[in-house]
file target.tsv (TSV, C-alpha atoms)
chain	number	residue	atom	x	y	z
V	104	MET	CA	0.00	0.00	0.00
V	105	PRO	CA	1.26	3.52	-0.75
V	106	GLN	CA	2.24	5.57	2.29
V	107	GLN	CA	0.16	8.73	2.87
V	108	VAL	CA	2.18	11.86	3.60
V	109	LYS	CA	0.71	15.06	5.03
V	110	LEU	CA	3.11	17.95	5.64
V	111	THR	CA	2.59	21.56	6.63
V	112	ALA	CA	4.99	24.43	7.23
V	113	THR	CA	5.15	28.21	7.09
V	114	VAL	CA	7.52	29.86	4.62
V	115	LEU	CA	10.14	31.84	6.53
V	116	GLU	CA	10.51	35.59	6.05
V	117	THR	CA	14.18	34.93	5.17
V	118	GLN	CA	13.02	32.89	2.15
V	119	LEU	CA	11.62	35.95	0.37
V	120	GLY	CA	12.19	35.64	-3.38
V	121	GLN	CA	13.12	31.94	-3.35
V	122	ARG	CA	11.69	29.53	-5.90
V	123	LEU	CA	8.98	27.30	-4.44
V	124	ASP	CA	11.01	24.09	-4.97
V	125	GLN	CA	14.01	25.69	-3.26
V	126	ALA	CA	11.89	26.85	-0.30
V	127	LEU	CA	10.34	23.38	0.10
V	128	ALA	CA	13.80	21.75	0.05
V	129	GLU	CA	14.74	23.92	3.08
V	130	LEU	CA	11.42	23.44	4.87
V	131	PHE	CA	11.27	19.66	4.36
V	132	PRO	CA	14.91	18.45	4.39
V	133	ASP	CA	13.83	14.80	4.87
V	134	TYR	CA	12.68	14.68	1.24
V	135	SER	CA	14.86	14.99	-1.85
V	136	ARG	CA	14.53	18.07	-3.99
V	137	SER	CA	13.55	15.96	-7.00
V	138	ARG	CA	10.70	14.32	-5.04
V	139	LEU	CA	9.44	17.72	-3.80
V	140	LYS	CA	9.58	19.06	-7.37
V	141	GLU	CA	7.56	16.03	-8.58
V	142	TRP	CA	4.93	16.75	-5.93
V	143	ILE	CA	4.68	20.39	-7.10
V	144	LEU	CA	4.22	19.24	-10.71
V	145	GLU	CA	1.62	16.65	-9.62
V	146	GLY	CA	-0.46	19.43	-8.05
V	147	VAL	CA	-0.34	18.12	-4.46
V	148	VAL	CA	1.35	21.24	-3.03
V	149	GLN	CA	-0.87	24.10	-1.81
V	150	VAL	CA	0.30	27.60	-0.96
V	151	ASN	CA	-2.28	29.43	1.20
V	152	SER	CA	-4.83	26.74	0.17
V	153	LYS	CA	-4.20	27.31	-3.54
V	154	ILE	CA	-2.57	24.58	-5.69
V	155	ILE	CA	0.70	25.80	-7.20
V	156	ASP	CA	2.19	23.46	-9.83
V	157	LYS	CA	5.12	25.59	-11.01
V	158	PRO	CA	8.43	24.89	-9.21
V	159	LYS	CA	9.80	28.29	-10.31
V	160	GLU	CA	6.97	30.24	-8.62
V	161	LYS	CA	8.49	32.72	-6.12
V	162	VAL	CA	7.58	32.81	-2.42
V	163	LEU	CA	7.36	35.95	-0.29
V	164	GLY	CA	7.51	34.58	3.26
V	165	GLY	CA	4.67	33.82	5.66
V	166	GLU	CA	2.70	31.56	3.29
V	167	ILE	CA	1.21	28.34	4.69
V	168	ILE	CA	2.40	25.29	2.73
V	169	THR	CA	0.45	22.03	2.79
V	170	ILE	CA	1.44	18.87	0.96
V	171	GLU	CA	-0.80	15.81	0.73
V	172	ALA	CA	0.98	13.11	-1.23
V	173	GLN	CA	1.52	9.40	-1.55
V	174	ILE	CA	4.84	7.58	-1.50
V	175	GLU	CA	4.89	4.20	-3.18
V	176	GLU	CA	6.10	1.62	-0.71
V	177	GLU	CA	9.61	0.49	-1.62
V	178	ILE	CA	9.79	-3.18	-2.58
V	179	ARG	CA	11.97	-4.95	-0.03
V	180	TRP	CA	14.79	-6.55	-1.96
V	181	GLN	CA	16.72	-9.44	-0.41
V	182	PRO	CA	20.39	-9.27	0.61
V	183	GLN	CA	22.55	-11.77	-1.30
V	184	GLN	CA	26.16	-12.74	-0.77
V	185	ILE	CA	27.64	-11.58	-4.07
V	186	ALA	CA	31.29	-10.49	-4.18
V	187	LEU	CA	31.84	-6.77	-4.80
V	188	ASP	CA	35.15	-5.30	-5.94
V	189	ILE	CA	35.21	-2.31	-3.57
V	190	VAL	CA	37.70	0.34	-4.65
V	191	TYR	CA	36.91	2.81	-1.85
V	192	GLU	CA	34.60	2.95	1.18
V	193	ASP	CA	33.93	5.32	4.07
V	194	GLU	CA	30.89	6.08	6.27
V	195	ASP	CA	29.01	7.87	3.49
V	196	ILE	CA	29.90	6.35	0.12
V	197	LEU	CA	31.44	3.36	-1.53
V	198	VAL	CA	32.93	3.03	-5.01
V	199	ILE	CA	32.84	-0.32	-6.78
V	200	ASN	CA	34.49	-1.68	-9.91
V	201	LYS	CA	31.60	-3.57	-11.53
V	202	PRO	CA	32.39	-6.74	-13.51
V	203	ARG	CA	30.61	-7.73	-16.72
V	204	ASP	CA	27.47	-9.84	-16.52
V	205	LEU	CA	26.20	-8.10	-13.37
V	206	VAL	CA	22.97	-6.10	-13.46
V	207	VAL	CA	22.92	-3.03	-11.20
V	208	HIS	CA	19.25	-2.99	-10.14
V	209	PRO	CA	16.56	-5.71	-10.07
V	210	GLY	CA	14.06	-5.48	-12.90
V	211	ALA	CA	12.18	-7.50	-15.48
V	212	GLY	CA	14.19	-10.62	-16.22
V	213	ASN	CA	16.63	-9.95	-13.35
V	214	PRO	CA	14.66	-10.19	-10.08
V	215	ASP	CA	17.83	-10.71	-8.02
V	216	GLY	CA	21.54	-11.44	-8.27
V	217	THR	CA	22.24	-7.73	-8.78
V	218	VAL	CA	24.58	-5.06	-7.39
V	219	LEU	CA	21.67	-3.88	-5.23
V	220	ASN	CA	21.27	-7.32	-3.62
V	221	ALA	CA	25.03	-7.43	-3.00
V	222	LEU	CA	24.98	-3.98	-1.37
V	223	LEU	CA	22.19	-5.02	1.02
V	224	HIS	CA	24.37	-7.93	2.16
V	225	HIS	CA	27.56	-5.88	2.42
V	226	PHE	CA	25.96	-2.97	4.34
V	227	PRO	CA	22.44	-3.84	5.63
V	228	ALA	CA	21.68	-0.24	6.75
V	229	ILE	CA	21.70	0.78	3.07
V	230	ALA	CA	18.16	-0.65	2.94
V	231	ASP	CA	17.01	2.67	4.49
V	232	VAL	CA	18.37	4.62	1.51
V	233	PRO	CA	16.12	4.80	-1.60
V	234	ARG	CA	17.24	2.31	-4.30
V	235	ALA	CA	19.88	1.09	-1.79
V	236	GLY	CA	21.97	4.17	-2.52
V	237	ILE	CA	22.36	3.60	-6.26
V	238	VAL	CA	22.53	7.02	-7.94
V	239	HIS	CA	23.74	6.04	-11.42
V	240	ARG	CA	23.93	2.77	-13.31
V	241	LEU	CA	26.13	0.87	-15.70
V	242	ASP	CA	24.67	-1.50	-18.28
V	243	LYS	CA	24.82	-5.21	-17.41
V	244	ASP	CA	27.92	-5.87	-19.54
V	245	THR	CA	29.64	-2.51	-19.11
V	246	THR	CA	32.46	-2.79	-16.56
V	247	GLY	CA	33.99	-0.18	-14.27
V	248	LEU	CA	33.44	2.43	-11.59
V	249	MET	CA	30.19	3.27	-9.83
V	250	VAL	CA	29.61	5.38	-6.72
V	251	VAL	CA	26.94	4.34	-4.20
V	252	ALA	CA	25.53	6.41	-1.32
V	253	LYS	CA	25.39	4.73	2.09
V	254	THR	CA	23.18	7.39	3.73
V	255	VAL	CA	20.22	9.55	2.68
V	256	PRO	CA	22.15	12.87	2.94
V	257	ALA	CA	24.99	11.43	0.81
V	258	GLN	CA	22.46	10.24	-1.76
V	259	THR	CA	20.69	13.61	-1.89
V	260	HIS	CA	24.00	15.43	-2.51
V	261	LEU	CA	25.20	12.91	-5.10
V	262	VAL	CA	21.92	13.10	-7.05
V	263	GLU	CA	22.12	16.91	-7.02
V	264	ALA	CA	25.77	16.76	-8.15
V	265	LEU	CA	24.83	14.43	-11.02
V	266	GLN	CA	22.01	16.73	-12.09
V	267	ALA	CA	24.37	19.73	-11.91
V	268	ARG	CA	26.92	17.76	-14.02
V	269	GLU	CA	29.52	18.03	-11.24
V	270	ILE	CA	30.48	14.33	-11.36
V	271	THR	CA	33.02	13.43	-14.06
V	272	ARG	CA	32.70	9.96	-15.60
V	273	GLU	CA	35.19	8.84	-18.23
V	274	TYR	CA	35.10	5.62	-20.21
V	275	GLU	CA	37.33	3.64	-22.55
V	276	ALA	CA	35.85	1.91	-25.56
V	277	VAL	CA	36.83	0.21	-28.79
V	278	ALA	CA	34.70	1.35	-31.73
V	279	VAL	CA	34.26	-0.18	-35.17
V	280	GLY	CA	35.84	1.83	-38.00
V	281	THR	CA	38.68	4.32	-38.27
V	282	MET	CA	37.73	7.66	-36.80
V	283	THR	CA	39.54	10.76	-37.99
V	284	GLY	CA	39.36	12.92	-34.87
V	285	GLY	CA	37.72	13.53	-31.52
V	286	GLY	CA	34.48	15.42	-31.05
V	287	SER	CA	31.11	15.51	-29.32
V	288	VAL	CA	27.75	13.93	-30.02
V	289	GLU	CA	24.86	16.09	-28.85
V	290	GLU	CA	21.70	14.20	-29.76
V	291	PRO	CA	18.57	13.59	-27.64
V	292	ILE	CA	17.85	9.98	-26.65
V	293	ALA	CA	14.50	8.26	-26.12
V	294	ARG	CA	13.17	4.72	-25.85
V	295	HIS	CA	13.07	3.07	-29.30
V	296	ALA	CA	9.61	3.25	-30.89
V	297	THR	CA	9.31	-0.50	-31.55
V	298	LYS	CA	12.22	-2.29	-29.82
V	299	ARG	CA	11.44	-1.74	-26.14
V	300	THR	CA	14.87	-2.87	-24.88
V	301	HIS	CA	16.64	-0.38	-27.19
V	302	MET	CA	17.19	3.35	-26.95
V	303	ALA	CA	17.49	5.62	-29.99
V	304	VAL	CA	18.38	9.15	-31.04
V	305	HIS	CA	15.02	10.95	-31.27
V	306	PRO	CA	14.19	14.68	-31.53
V	307	MET	CA	11.66	14.34	-28.69
V	308	GLY	CA	14.12	12.50	-26.42
V	309	LYS	CA	16.01	13.77	-23.37
V	310	PRO	CA	19.11	15.91	-24.03
V	311	ALA	CA	22.31	13.83	-24.14
V	312	VAL	CA	25.93	14.90	-24.67
V	313	THR	CA	28.95	12.58	-25.12
V	314	HIS	CA	32.50	13.88	-25.68
V	315	TYR	CA	35.13	11.58	-27.18
V	316	ARG	CA	38.79	11.67	-28.12
V	317	ILE	CA	40.96	9.19	-29.93
V	318	MET	CA	43.50	7.28	-27.87
V	319	GLU	CA	44.76	4.92	-30.57
V	320	HIS	CA	44.09	4.05	-34.21
V	321	PHE	CA	44.04	0.47	-35.48
V	322	ARG	CA	43.53	-0.69	-39.05
V	323	ALA	CA	39.76	-0.89	-38.88
V	324	HIS	CA	38.97	0.07	-35.26
V	325	THR	CA	39.54	3.00	-32.91
V	326	ARG	CA	40.28	3.06	-29.18
V	327	LEU	CA	38.42	5.94	-27.53
V	328	ARG	CA	38.28	7.86	-24.28
V	329	LEU	CA	34.79	9.25	-23.67
V	330	ARG	CA	33.28	11.63	-21.13
V	331	LEU	CA	29.61	11.76	-20.27
V	332	GLU	CA	27.97	15.12	-19.69
V	333	THR	CA	24.56	13.48	-19.22
V	334	GLY	CA	23.68	9.95	-18.17
V	335	ARG	CA	20.98	8.53	-20.41
V	336	THR	CA	20.41	4.77	-20.69
V	337	HIS	CA	22.86	3.23	-23.22
V	338	GLN	CA	24.06	6.77	-24.04
V	339	ILE	CA	27.59	6.05	-25.28
V	340	ARG	CA	26.45	2.98	-27.21
V	341	VAL	CA	23.58	4.83	-28.93
V	342	HIS	CA	25.66	7.92	-29.72
V	343	MET	CA	28.58	5.97	-31.22
V	344	ALA	CA	26.23	3.83	-33.33
V	345	HIS	CA	24.50	7.04	-34.46
V	346	ILE	CA	27.77	8.34	-35.95
V	347	ASN	CA	28.34	4.93	-37.59
V	348	HIS	CA	31.02	3.78	-35.14
V	349	PRO	CA	29.23	1.25	-32.89
V	350	LEU	CA	31.22	-0.38	-30.09
V	351	VAL	CA	32.88	-3.72	-30.77
V	352	GLY	CA	30.70	-6.59	-29.55
V	353	ASP	CA	27.61	-4.45	-28.87
V	354	PRO	CA	24.70	-6.90	-29.21
V	355	LEU	CA	22.03	-4.18	-29.50
V	356	TYR	CA	23.55	-1.43	-31.60
V	357	GLY	CA	25.32	-3.19	-34.42
V	358	GLY	CA	28.89	-3.75	-33.25
V	359	ARG	CA	29.20	-6.73	-35.62
V	360	PRO	CA	32.67	-8.20	-36.16
V	361	ARG	CA	34.31	-6.36	-39.04
V	362	PRO	CA	37.84	-7.70	-39.21
V	363	PRO	CA	40.36	-5.65	-41.20
V	364	LYS	CA	41.29	-7.00	-44.62
V	365	GLY	CA	43.73	-9.91	-44.39
V	366	ALA	CA	43.36	-10.23	-40.60
V	367	SER	CA	44.76	-13.34	-38.91
V	368	GLU	CA	42.46	-16.17	-37.83
V	369	GLN	CA	43.28	-15.25	-34.23
V	370	LEU	CA	41.98	-11.69	-34.62
V	371	ILE	CA	38.91	-12.79	-36.60
V	372	THR	CA	38.07	-15.30	-33.84
V	373	MET	CA	38.60	-12.71	-31.12
V	374	LEU	CA	36.34	-10.16	-32.80
V	375	ARG	CA	33.65	-12.80	-33.40
V	376	SER	CA	33.78	-14.11	-29.84
V	377	PHE	CA	33.84	-10.68	-28.13
V	378	ASP	CA	30.31	-10.95	-26.78
V	379	ARG	CA	29.74	-7.68	-24.95
V	380	GLN	CA	30.07	-3.99	-25.74
V	381	ALA	CA	33.77	-3.04	-25.40
V	382	LEU	CA	33.06	-0.31	-22.83
V	383	HIS	CA	34.64	0.32	-19.42
V	384	ALA	CA	34.04	3.11	-16.90
V	385	THR	CA	37.68	3.87	-16.19
V	386	MET	CA	37.66	7.15	-14.19
V	387	LEU	CA	35.30	8.72	-11.66
V	388	ARG	CA	35.86	12.16	-10.13
V	389	LEU	CA	33.54	13.91	-7.68
V	390	TYR	CA	33.33	16.11	-4.62
V	391	HIS	CA	32.65	13.97	-1.57
V	392	PRO	CA	28.95	14.52	-0.75
V	393	ILE	CA	29.60	15.20	2.94
V	394	SER	CA	33.19	16.50	3.30
V	395	GLY	CA	33.25	18.37	-0.04
V	396	ILE	CA	36.78	17.10	-0.76
V	397	GLN	CA	37.49	16.31	-4.42
V	398	MET	CA	38.21	12.61	-4.96
V	399	GLU	CA	39.17	10.57	-8.01
V	400	TRP	CA	39.43	6.85	-8.78
V	401	GLN	CA	40.76	4.87	-11.75
V	402	ALA	CA	39.93	1.29	-12.73
V	403	PRO	CA	42.27	-0.55	-15.09
V	404	LEU	CA	40.85	-2.14	-18.22
V	405	PRO	CA	39.41	-5.64	-17.69
V	406	GLN	CA	41.29	-8.54	-19.26
V	407	ASP	CA	38.92	-9.11	-22.18
V	408	MET	CA	39.41	-5.51	-23.38
V	409	GLN	CA	43.17	-5.68	-22.79
V	410	HIS	CA	43.36	-8.82	-24.95
V	411	LEU	CA	41.21	-7.24	-27.66
V	412	ILE	CA	43.38	-4.10	-27.79
V	413	GLN	CA	46.57	-6.19	-27.86
V	414	ALA	CA	45.25	-8.27	-30.77
V	415	LEU	CA	44.36	-5.10	-32.71
V	416	LYS	CA	47.84	-3.66	-31.97
V	417	ASP	CA	49.52	-6.86	-33.16
V	418	ASP	CA	47.47	-6.78	-36.36
V	419	LYS	CA	48.43	-3.16	-37.02
V	420	GLU	CA	52.09	-3.91	-36.34
V	421	GLU	CA	52.10	-6.97	-38.60
V	422	PHE	CA	50.66	-5.03	-41.52
V	423	LYS	CA	52.98	-2.10	-40.92
V	424	HIS	CA	55.93	-4.50	-41.34
V	425	GLN	CA	54.40	-5.98	-44.46
V	426	PHE	CA	53.87	-2.49	-45.81
V	427	ASP	CA	57.42	-1.44	-44.85
V	428	GLY	CA	58.81	-4.58	-46.49
call {"tool": "encode", "arguments": {"input": "target.tsv", "output": "structure tokens"}}
result
Amino acid sequence: MPQQVKLTATVLETQLGQRLDQALAELFPDYSRSRLKEWILEGVVQVNSKIIDKPKEKVLGGEIITIEAQIEEEIRWQPQQIALDIVYEDEDILVINKPRDLVVHPGAGNPDGTVLNALLHHFPAIADVPRAGIVHRLDKDTTGLMVVAKTVPAQTHLVEALQAREITREYEAVAVGTMTGGGSVEEPIARHATKRTHMAVHPMGKPAVTHYRIMEHFRAHTRLRLRLETGRTHQIRVHMAHINHPLVGDPLYGGRPRPPKGASEQLITMLRSFDRQALHATMLRLYHPISGIQMEWQAPLPQDMQHLIQALKDDKEEFKHQFDG
């Protein structure tokens, strides 16, 4: 059953000129700013008995605020003993290096066996934090760094930092094709019209920005370093496919094996058997949500990507010698 919430407060004189969502965030600190904003938009916030559904509406001070809302009861997920590669942990946050083949959050087709279940086992008190402290996700077969909040205040600050684009996330990837130079893809992303598990570039989608630079050229592939400005589902994969350079091994967005001409059997086999998107979250930089200190972590490439890159290097070297000869 949904939980009924009834809140009332008086806007302080010192809040004169504040936006309504900002004033509510100060008056009701137990609730996240995004939840309070949703309540305003849903029309469940009254100011002096009048419904106000515009978060930007200014307050003067002295108004009586009443909120009558419902909170959906959180499904109680089960703790499970699943190993986590913890890169950093303190009282407020932990940073993990996620392996491939591990879903972050339970959902259709993955009711358990996820990062969330592992977190509940590792730190049971995280059950009191919405979504067990998960503030951003990695796709099932994308490896690398993820930050998790262990407390509600840490989560609130991390979510705000993500929305304000104050958390830097950099990735390494191997893309199909030879790319001439770095750049940015700024294309909105929405759920695909017919394939419900896919995302797609769509003019009515949410804004999405991916920056990329070239780390290394191979004969028919390119090693990239990418930085996310936004965090849409499958963003890097969709954006790279959109510019006709899908990621090697990507099962959804066309990273079919395209071996360079005259490639060895070994390289052809490796490209054919690479069965996940070649994408790794390699660097995470943020301001600690409680102390405010800037922190940064790096995660080395997983073995499958190291082997792939080495095979592409060897192929390039072999053909360079043939060409030199």
call {"tool": "atom_distance", "arguments": {"input": "target.tsv", "atom1": "CA of Ile229 in chain V", "atom2": "CA of Thr336 in chain V"}}
result
24.1 Å
call {"tool": "axis_aligned_box", "arguments": {"input": "target.tsv", "around": "range 142-146 of chain V", "padding_each_side": "3 Å", "output": "JSON"}}
result
{"center_x": 2.2, "center_y": 18.5, "center_z": -8.3, "size_x": 11.4, "size_y": 9.7, "size_z": 10.8}
call {"tool": "atom_distance", "arguments": {"input": "target.tsv", "atom1": "CA of Phe422 in chain V", "atom2": "CA of Ala278 in chain V"}}
result
19.8 Å
call {"tool": "closest_residue", "arguments": {"input": "target.tsv", "among": "V:Arg299, V:Lys201, V:Lys253, V:Arg326", "to": "Thr283 in chain V", "atoms": "all atoms listed in the file"}}
result
V:Arg326
call {"tool": "atom_distance", "arguments": {"input": "target.tsv", "atom1": "CA of Leu223 in chain V", "atom2": "CA of Phe131 in chain V"}}
result
27.2 Å
call {"tool": "residues_around", "arguments": {"input": "target.tsv", "residues": "Val232 in chain V", "least_positions_apart": "6", "cutoff": "10 Å", "atoms": "only C-alpha atoms", "output": "JSON, numbers by chain"}}
result
{"V": [252, 253, 254, 255, 256, 257, 258, 259]}
call {"tool": "closest_residue", "arguments": {"input": "target.tsv", "among": "V:Glu129, V:Asp418, V:Glu263, V:Asp124", "to": "Val150 in chain V", "atoms": "all atoms listed in the file"}}
result
V:Asp124
call {"tool": "residues_around", "arguments": {"input": "target.tsv", "residues": "range 370-374 of chain V", "least_positions_apart": "6", "cutoff": "7 Å", "atoms": "all atoms listed in the file", "output": "ChimeraX atom specification"}}
result
/V:360,362,411,414
call {"tool": "closest_residue", "arguments": {"input": "target.tsv", "among": "V:Met398, V:Val198, V:Val277, V:Val148", "to": "His239 in chain V", "atoms": "all atoms listed in the file"}}
result
V:Val198
call {"tool": "residues_around", "arguments": {"input": "target.tsv", "residues": "Tyr356 in chain V", "least_positions_apart": "4", "cutoff": "8 Å", "atoms": "only C-alpha atoms", "output": "list in words"}}
result
Arg340, Val341, Ala344, Pro349 and Leu350 of chain V
call {"tool": "residues_near_point", "arguments": {"input": "target.tsv", "point": "(32.4, 2.2, -17.5)", "cutoff": "9 Å", "atoms": "all atoms listed in the file", "output": "PyMOL selection string"}}
result
chain V and resi 200-201+241-242+245-249+272-276+382-386+402
call {"tool": "closest_residue", "arguments": {"input": "target.tsv", "among": "V:His337, V:His324, V:Arg138, V:Arg203", "to": "Thr300 in chain V", "atoms": "only C-alpha atoms"}}
result
V:His337
call {"tool": "residues_around", "arguments": {"input": "target.tsv", "residues": "Val238 in chain V", "least_positions_apart": "4", "cutoff": "8 Å", "atoms": "only C-alpha atoms", "output": "list in words"}}
result
Arg234, Val250, Val251, Ala252, Gln258, Leu261 and Val262 of chain V
call {"tool": "residues_around", "arguments": {"input": "target.tsv", "residues": "Pro227 in chain V", "least_positions_apart": "3", "cutoff": "12 Å", "atoms": "all atoms listed in the file", "output": "list in words"}}
result
Arg179, Trp180, Gln181, Pro182, Gln183, Gln184, Leu219, Asn220, Ala221, Leu222, Leu223, His224, Ala230, Asp231, Val232, Ala235, Gly236, Lys253 and Thr254 of chain V
